[in-house]
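Structure, as structure tokens:
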There are 4 protein chains.
Amino acid sequence: MNRLRIAVVGLGPMGQVHVGNIVKLPNARLHAVASRRPDVAQEVAQRYHADHLYTDYDQLFSDPDLDAVVIATGCAEHPEHIIQAAQRGLHIFTEKPIGFTLADIDRALAAVREAGVHLQVGFMRRFDPGYAAAKQKIEEGAIGRPVMFKSVSRDPFWPEKQDGPGYNTTFLDLGVHDFDLARWLMGSEVAEVYAIGRALVYPKLAEFGDVDNAVVSLSFENGALGSIDFSRNARYGYDIRAEVLGDEGALMIGGLQQTPLLLLSREGITHDVFPWYPQRFADAFVAELVAFVDALQAGHAPEPGGLDGRRASEIGLAAVESWRSGRPVKVADAIRNT
Amino acid sequence: MNRLRIAVVGLGPMGQVHVGNIVKLPNARLHAVASRRPDVAQEVAQRYHADHLYTDYDQLFSDPDLDAVVIATGCAEHPEHIIQAAQRGLHIFTEKPIGFTLADIDRALAAVREAGVHLQVGFMRRFDPGYAAAKQKIEEGAIGRPVMFKSVSRDPFWPEKQDGPGYNTTFLDLGVHDFDLARWLMGSEVAEVYAIGRALVYPKLAEFGDVDNAVVSLSFENGALGSIDFSRNARYGYDIRAEVLGDEGALMIGGLQQTPLLLLSREGITHDVFPWYPQRFADAFVAELVAFVDALQAGHAPEPGGLDGRRASEIGLAAVESWRSGRPVKVADAIRNT
Amino acid sequence: MNRLRIAVVGLGPMGQVHVGNIVKLPNARLHAVASRRPDVAQEVAQRYHADHLYTDYDQLFSDPDLDAVVIATGCAEHPEHIIQAAQRGLHIFTEKPIGFTLADIDRALAAVREAGVHLQVGFMRRFDPGYAAAKQKIEEGAIGRPVMFKSVSRDPFWPEKQDGPGYNTTFLDLGVHDFDLARWLMGSEVAEVYAIGRALVYPKLAEFGDVDNAVVSLSFENGALGSIDFSRNARYGYDIRAEVLGDEGALMIGGLQQTPLLLLSREGITHDVFPWYPQRFADAFVAELVAFVDALQAGHAPEPGGLDGRRASEIGLAAVESWRSGRPVKVADAIRNT
Amino acid sequence: MNRLRIAVVGLGPMGQVHVGNIVKLPNARLHAVASRRPDVAQEVAQRYHADHLYTDYDQLFSDPDLDAVVIATGCAEHPEHIIQAAQRGLHIFTEKPIGFTLADIDRALAAVREAGVHLQVGFMRRFDPGYAAAKQKIEEGAIGRPVMFKSVSRDPFWPEKQDGPGYNTTFLDLGVHDFDLARWLMGSEVAEVYAIGRALVYPKLAEFGDVDNAVVSLSFENGALGSIDFSRNARYGYDIRAEVLGDEGALMIGGLQQTPLLLLSREGITHDVFPWYPQRFADAFVAELVAFVDALQAGHAPEPGGLDGRRASEIGLAAVESWRSGRPVKVADAIRNT
């Protein structure tokens with residue numbers, strides 16, 4: 001079996017995580033890396049022994065020896081790059097979200113469909129050993145019928161550089177992870193949301209029309225309930241957790257402690273916390289690429305796919321509308337309104 | 001200093017907890033116990049060496065040697081018993097809620113005010129070492145400015161016998177604890193709530209017009225956000241937790257493990273869970289009575305008082321209205337509408 | 001049933017713990033307290049409403065209305081006070097150890113036997129919910145056959161005032177708890193010990209011929225193995241733990257966290273630690289007195305009894321001999337040599 | 001910089017772990033794999049795209065394009081393979097122990113010295129994030145002066161196939177990890193040991209003259225104390241922990257939970273346990289190879305080196321002698337006697 005030749009497009013922190021992981025896969029090969037910043041492209045290509053480097057994405061997508069791309073460009077650009085890659089017949093692993101509007105997302109998914117290529121969306125939490133084991137326990141019936149979903153997504157700070165005004169990134173970029181988990185773990189679509197949120201810590205987010213803390217209530221189609229809280233100011237670390245309560249038990253997912261060490265001092269007993277996503281989801285980022293490459297090598301559609309990406313964004317858009325209007329919003333209505 | 005002579009009115013599980021704690025206080029004396037069931041009154045009086053026993057509450061309230069009463073009767077009867085006790089000049093410790101309607105609550109508080117007696121409401125979580133230490137940490141500035149409140153209140157089962165139709169006990173009886181904590185820990189009143197809930201596990205609760213699982217979103221007057229989840233089907237035990245996120249740190253309150261023992265077996269590592277409130281809040285139930293007795297002995301008004309009890313019920317009533325109407329509800333509006 | 005009339009002899013910290021607990025027992029009565037310091041006797045008697053107070057122990061032992069005594073005097077005085085109490089026909093709860101030499105211990109136990117009174121030794125760890133549940137799990141077969149015993153006994157500091165030269169209190173006063181647990185949890189006597197220890201932190205302990213850190217290896221008669229470590233410098237708190245490894249699983253006993261609160265800050269996640277024995281074993285100190293009073297009220301011999309106290313001291317004396325000689329010592333030899 | 005060309009000799013479980021990790025290193029290349037079992041060599045070479053495969057170790061050592069070898073053959077063969085590799089000028093990463101006797105170890109180290117090649121010993125625990133952070137904390141003075149060392153090494157079962165009679169693998173193969181940690185974390189050599197042990201679970205280990213449970217007491221040259229327990233029957237999982245107590249605080253190293261998931265059921269709260277070393281030390285096995293390759297690429301001697309390997313085995317041999325004789329044994333005497 002030949003190694004799958006993959007290129008990574010966009011070499012920001014997330015793109016570099018993917019590059020570092022592709023070189024560890026025995027059945028994949030880092031064919032190329034691409035960044036509009038030549039020095040970054042050069043540095044990464046050299047460090048990871050990429051066969052090629054590009055500073056023009058269009059040239060990369062036209063590389064005839066390429067099998068698949070990992071799209072890690074700016075979120076707003078995802079739809080365009082997905083379309084270009086699809087039109088060249090490349091299989092696609094894209095970072096989330098697929099896009100910020102349903103129109104954009106649907107254009108991208110149409111291109112994928114027309115080209116007959118495969119698309120996986122970077123919902124890496126599904127590949128975290130904790131979340132994956134929770135899904136399995138639920139399917140085994142360990143907690144009976146799930147009736148409540150809880151999720152926490154707290155960044156240690158607001159990654160200001162990555163964001164711009166008007167994108168509601170808390171709901172649409174950070175939040176899609178939790179909205180995806182909600183659907184996936186509960187086995188039911190979200191019917192209605194109610195969102196409250198404020199820029200309480202970063203005034204600039206208020207200027208951007210965004211929030212740094214938010215709470216979203218969820219009503220699922222099967223009657224189950226849910227609640228998610230988001231924050232950009234978890235000074236203690238990267239705090240990602242979830243709970244699923246069933247009628248026969250519950251699951252608590254996520255561990256905050258990074259290093260297996262306790263310091264016992266006059267101040268008490270202290271341990272550290274995962275500082276940020278590359279540490280917390282190190283294994284999950286590898287596992288999602290393994291799944292992508294293995295699926296393509298086997299000729300299967302990888303998961304989570306385009307529809308999963310759209311559904312998560314639908315909930316996010318309903319949350320934005322609820323937050324703006326101050327009213328609960330049915331996801332179906334949000335879709336129609338967009 | 002003479003021991004404060006206390007009677008306990010109502011000898012259900014909660015009343016008996018109070019009886020068992022009063023006899024441990026060096027500066028109080030179990031003057032009497034009262035239950036409409038003579039056998040229960042007899043049994044409890046004997047076991048705890050009460051000086052007197054009553055099966056008629058009115059007779060108890062007229063006992064001239066009594067200093068104070070602990071009211072642990074049915075929730076719907078609280079207002080009437082508070083009024084009777086106040087009119088006899090007795091200081092009052094009442095179980096929560098003060099009443100199920102604002103009209104009832106206000107009648108009771110008016111009687112207390114007119115009689116010039118002291119009233120403490122049984123929000124024992126404030127006296128739990130975890131919650132109490134959290135309050136202190138917040139006041140010391142350990143987490144900066146609080147921006148988000150989270151609370152979990154999950155009973156292991158629905159205590160069917162105690163409840164009847166029409167009382168919305170999940171929001172108004174169970175929930176007042178969390179609504180009290182919200183105000184107390186965040187140092188701000190709750191401005192608006194949005195509640196979703198369903199009877200997903202106990203069909204009888206649907207008949208009663210009540211829910212067994214619920215999520216309430218909170219907006220505080222100072223801009224902070226909150227979320228509480230309630231359940232009557234935490235099969236694993238009694239699950240009471242809270243979190244406060246500030247702009248400089250966070251607090252996690254509550255421990256589920258009752259016995260300091262881990263069993264390591266082929267099935268993994270397992271520990272037990274507090275089964276129910278008498279175990280989880282054993283120390284807090286003592287501490288709230290210590291505070292009550294000490295305040296009275298010192299001639300001070302005990303805390304939390306009548307206004308705290310009313311405020312928590314206001315939020316609960318707003319939650320009921322939100323849940324019924326499907327809309328977010330301002331607490332101020334809920335008060336006016338009642 | 002009449003309340004058992006108990007007196008507490010010796011009002012140091014441990015004696016006062018017992019006084020505070022006796023007044024909580026519905027079937028006991030604090031008949032008297034006794035201290036050679038009149039101000040202390042006065043203060044404690046008043047605070048806990050003792051019926052009588054004594055500053056002369058002999059007078060107390062002669063009080064004709066007394067049923068039982070709790071002996072909490074200096075460890076070296078225990079044998080004498082046990083003998084006096086026994087000769088007056090009083091049932092006895094004595095703090096550990098019964099004495100520092102086997103001769104002393106045997107004189108005390110002979111007096112108890114001759115008087116036909118009951119004696120319980122204050123091995124409160126047996127009454128801690130964690131240790132008690134461990135014992136039960138072992139008897140239920142949850143871990144199969146126990147093959148290894150581990151125990152940790154670490155004080156946060158050396159309580160200098162209580163100790164004097166020549167007593168080897170680390171092995172003979174602190175250590176008896178662990179030696180008692182070893183026998184009790186493993187269901188086998190200790191056959192041989194090997195002890196190493198040094199005064200590494202408190203030079204005065206070296207002068208006293210004692211140690212502040214020590215490790216004792218244990219060989220049980222049934223072939224099982226064990227290890228205990230002792231320290232007087234656990235600056236982070238009072239650290240009491242144990243483990244039992246069986247051929248089918250293991251148990252870990254003990255929890256260091258006192259307050260159910262986590263502080264999450266830039267320094268990590270921190271919780272507190274039990275500062276000292278009154279906090280860690282608050283429930284156990286009550287439970288051991290409940291057991292004592294209940295056994296006497298029922299006419300049974302309470303446990304752990306005099307033989308348990310002697311056995312634990314035998315192991316301690318063997319440890320002292322091993323530590324002094326640098327050789328492993330059979331407990332049977334240590335007994336003969338004493 | 002050219003990639004370091006490495007071969008792995010011996011393709012048992014541990015050897016395959018190394019193969020899987022070498023292919024992840026950007027500055028190394030899996031030049032060859034070698035096993036005496038052709039099918040295994042074939043399968044591993046293919047899966048990891050090794051450039052060459054050997055079934056004759058001598059041929060491998062003679063490969064002129066090789067820079068370094070990882071020796072993962074049977075423990076008893078280590079010395080011979082180290083000597084052969086050294087004589088061909090290859091840098092060596094060897095699994096522990098270097099050998100089972102000091103004579104063997106010294107022959108191997110002499111060959112390394114004479115050839116002027118570098119040698120690293122596979123004490124991977126030093127590279128575990130928990131142990132590494134502990135070392136750093138100690139050096140920063142976080143716990144003051146270390147006065148006590150505790151270590152736990154428990155396998156979930158006895159890996160019968162790997163062992164034969166006469167090697168005392170519990171002390172000499174499993175134990176060298178803990179003996180290495182003792183020296184490294186305490187910053188002092190071990191002066192004297194006392195070992196007790198029995199074959200309590202596996203009768204065959206008794207036949208082999210070995211034990212399945214053991215306790216070793218340690219006296220350090222600087223006066224500090226220590227205790228290690230070993231077991232082959234930790235049915236619940238792979239249990240590797242350590243503690244260092246200082247005069248100002250303590251460290252607890254190691255976490256048993258593998259997956260960040262809690263199951264809350266009527267049976268309590270349960271989490272899993274690391275099943276075995278490949279899972280527990282997955283990151284450490286990578287990190288030790290990174291350190292090896294980086295050191296060689298930079299021209300430095302890697303650590304821990306040959307002397308560290310010898311020292312750990314010296315303590316192990318003293319433990320064997322103590323266990324056989326029933327007496328405490330000075331490490332210096334054990335060296336002389338060997």
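Identifiers in the structure tokens: chain A, B, ... in order shown; residue index from 1 per chain; ligand index from 1 in order shown.
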
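Near Gly316 (chain A), within 10 Å and counting only C-alpha atoms, sit Phe100, Asn168, Thr169, Thr170, Phe171, Leu172, Asp173, Leu174, Gly175, Val176, His177, Asp178, Phe179, Asp180, Val193, Ala195, Val216, Arg310, Ser322, Val331 and Ala334 of chain A; same-chain residues fewer than 6 positions away were not included.
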
Got a sec to pull out which chain B residues are within 8 Å of chain C, counting only C-alpha atoms, and send them as a ChimeraX atom specification?
-> /B:23-26,47-49,129-131,133-134,143,248-255,259-266

Would you work out the distance separating CA of Gln136 (chain A) from CA of Ala72 (chain A), expressed in Å to one decimal?
-> 29.1 Å

Pick out the residues sitting within 6 Å of Val117 (chain B), and hand them over as a ChimeraX atom specification; count only C-alpha atoms, and ignore anything fewer than 2 positions along from it in its own chain.
-> /B:91,112,115

Enumerate, as a ChimeraX atom specification, the complete set of residues in region 37-129 of chain A that a backbone-based DSSP assignment places in strand (DSSP E or B).
-> /A:52-54,68-71,91-94,119-121

Interatomic distance between CA of Pro275 (chain D) and CA of Asp272 (chain B)?
->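 Answer for the CA of Pro275 (chain D) to CA of Asp272 (chain B) separation: 22.6 Å.
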
Using only C-alpha atoms, which residue out of B:Leu119, B:Ala34, B:Ala199, B:Ala206 lies closest to His300 (chain B)?
->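 Between B:Leu119, B:Ala34, B:Ala199, B:Ala206, the residue approaching His300 (chain B) most closely is B:Leu119.
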
What lies within 9 Å of region 220-228 of chain C using only C-alpha atoms, ignoring chain neighbours under 4 positions off, as a ChimeraX atom specification?
-> /C:146-153,175,178-179,182-183,186-193,214-216,242 /D:196-198,200,213-217,227-229

CA of Asp51 (chain C) to CA of Ala32 (chain C), straight-line distance in Å =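 Atom-to-atom, CA of Ala32 (chain C) and CA of Asp51 (chain C) are spaced 5.7 Å apart.
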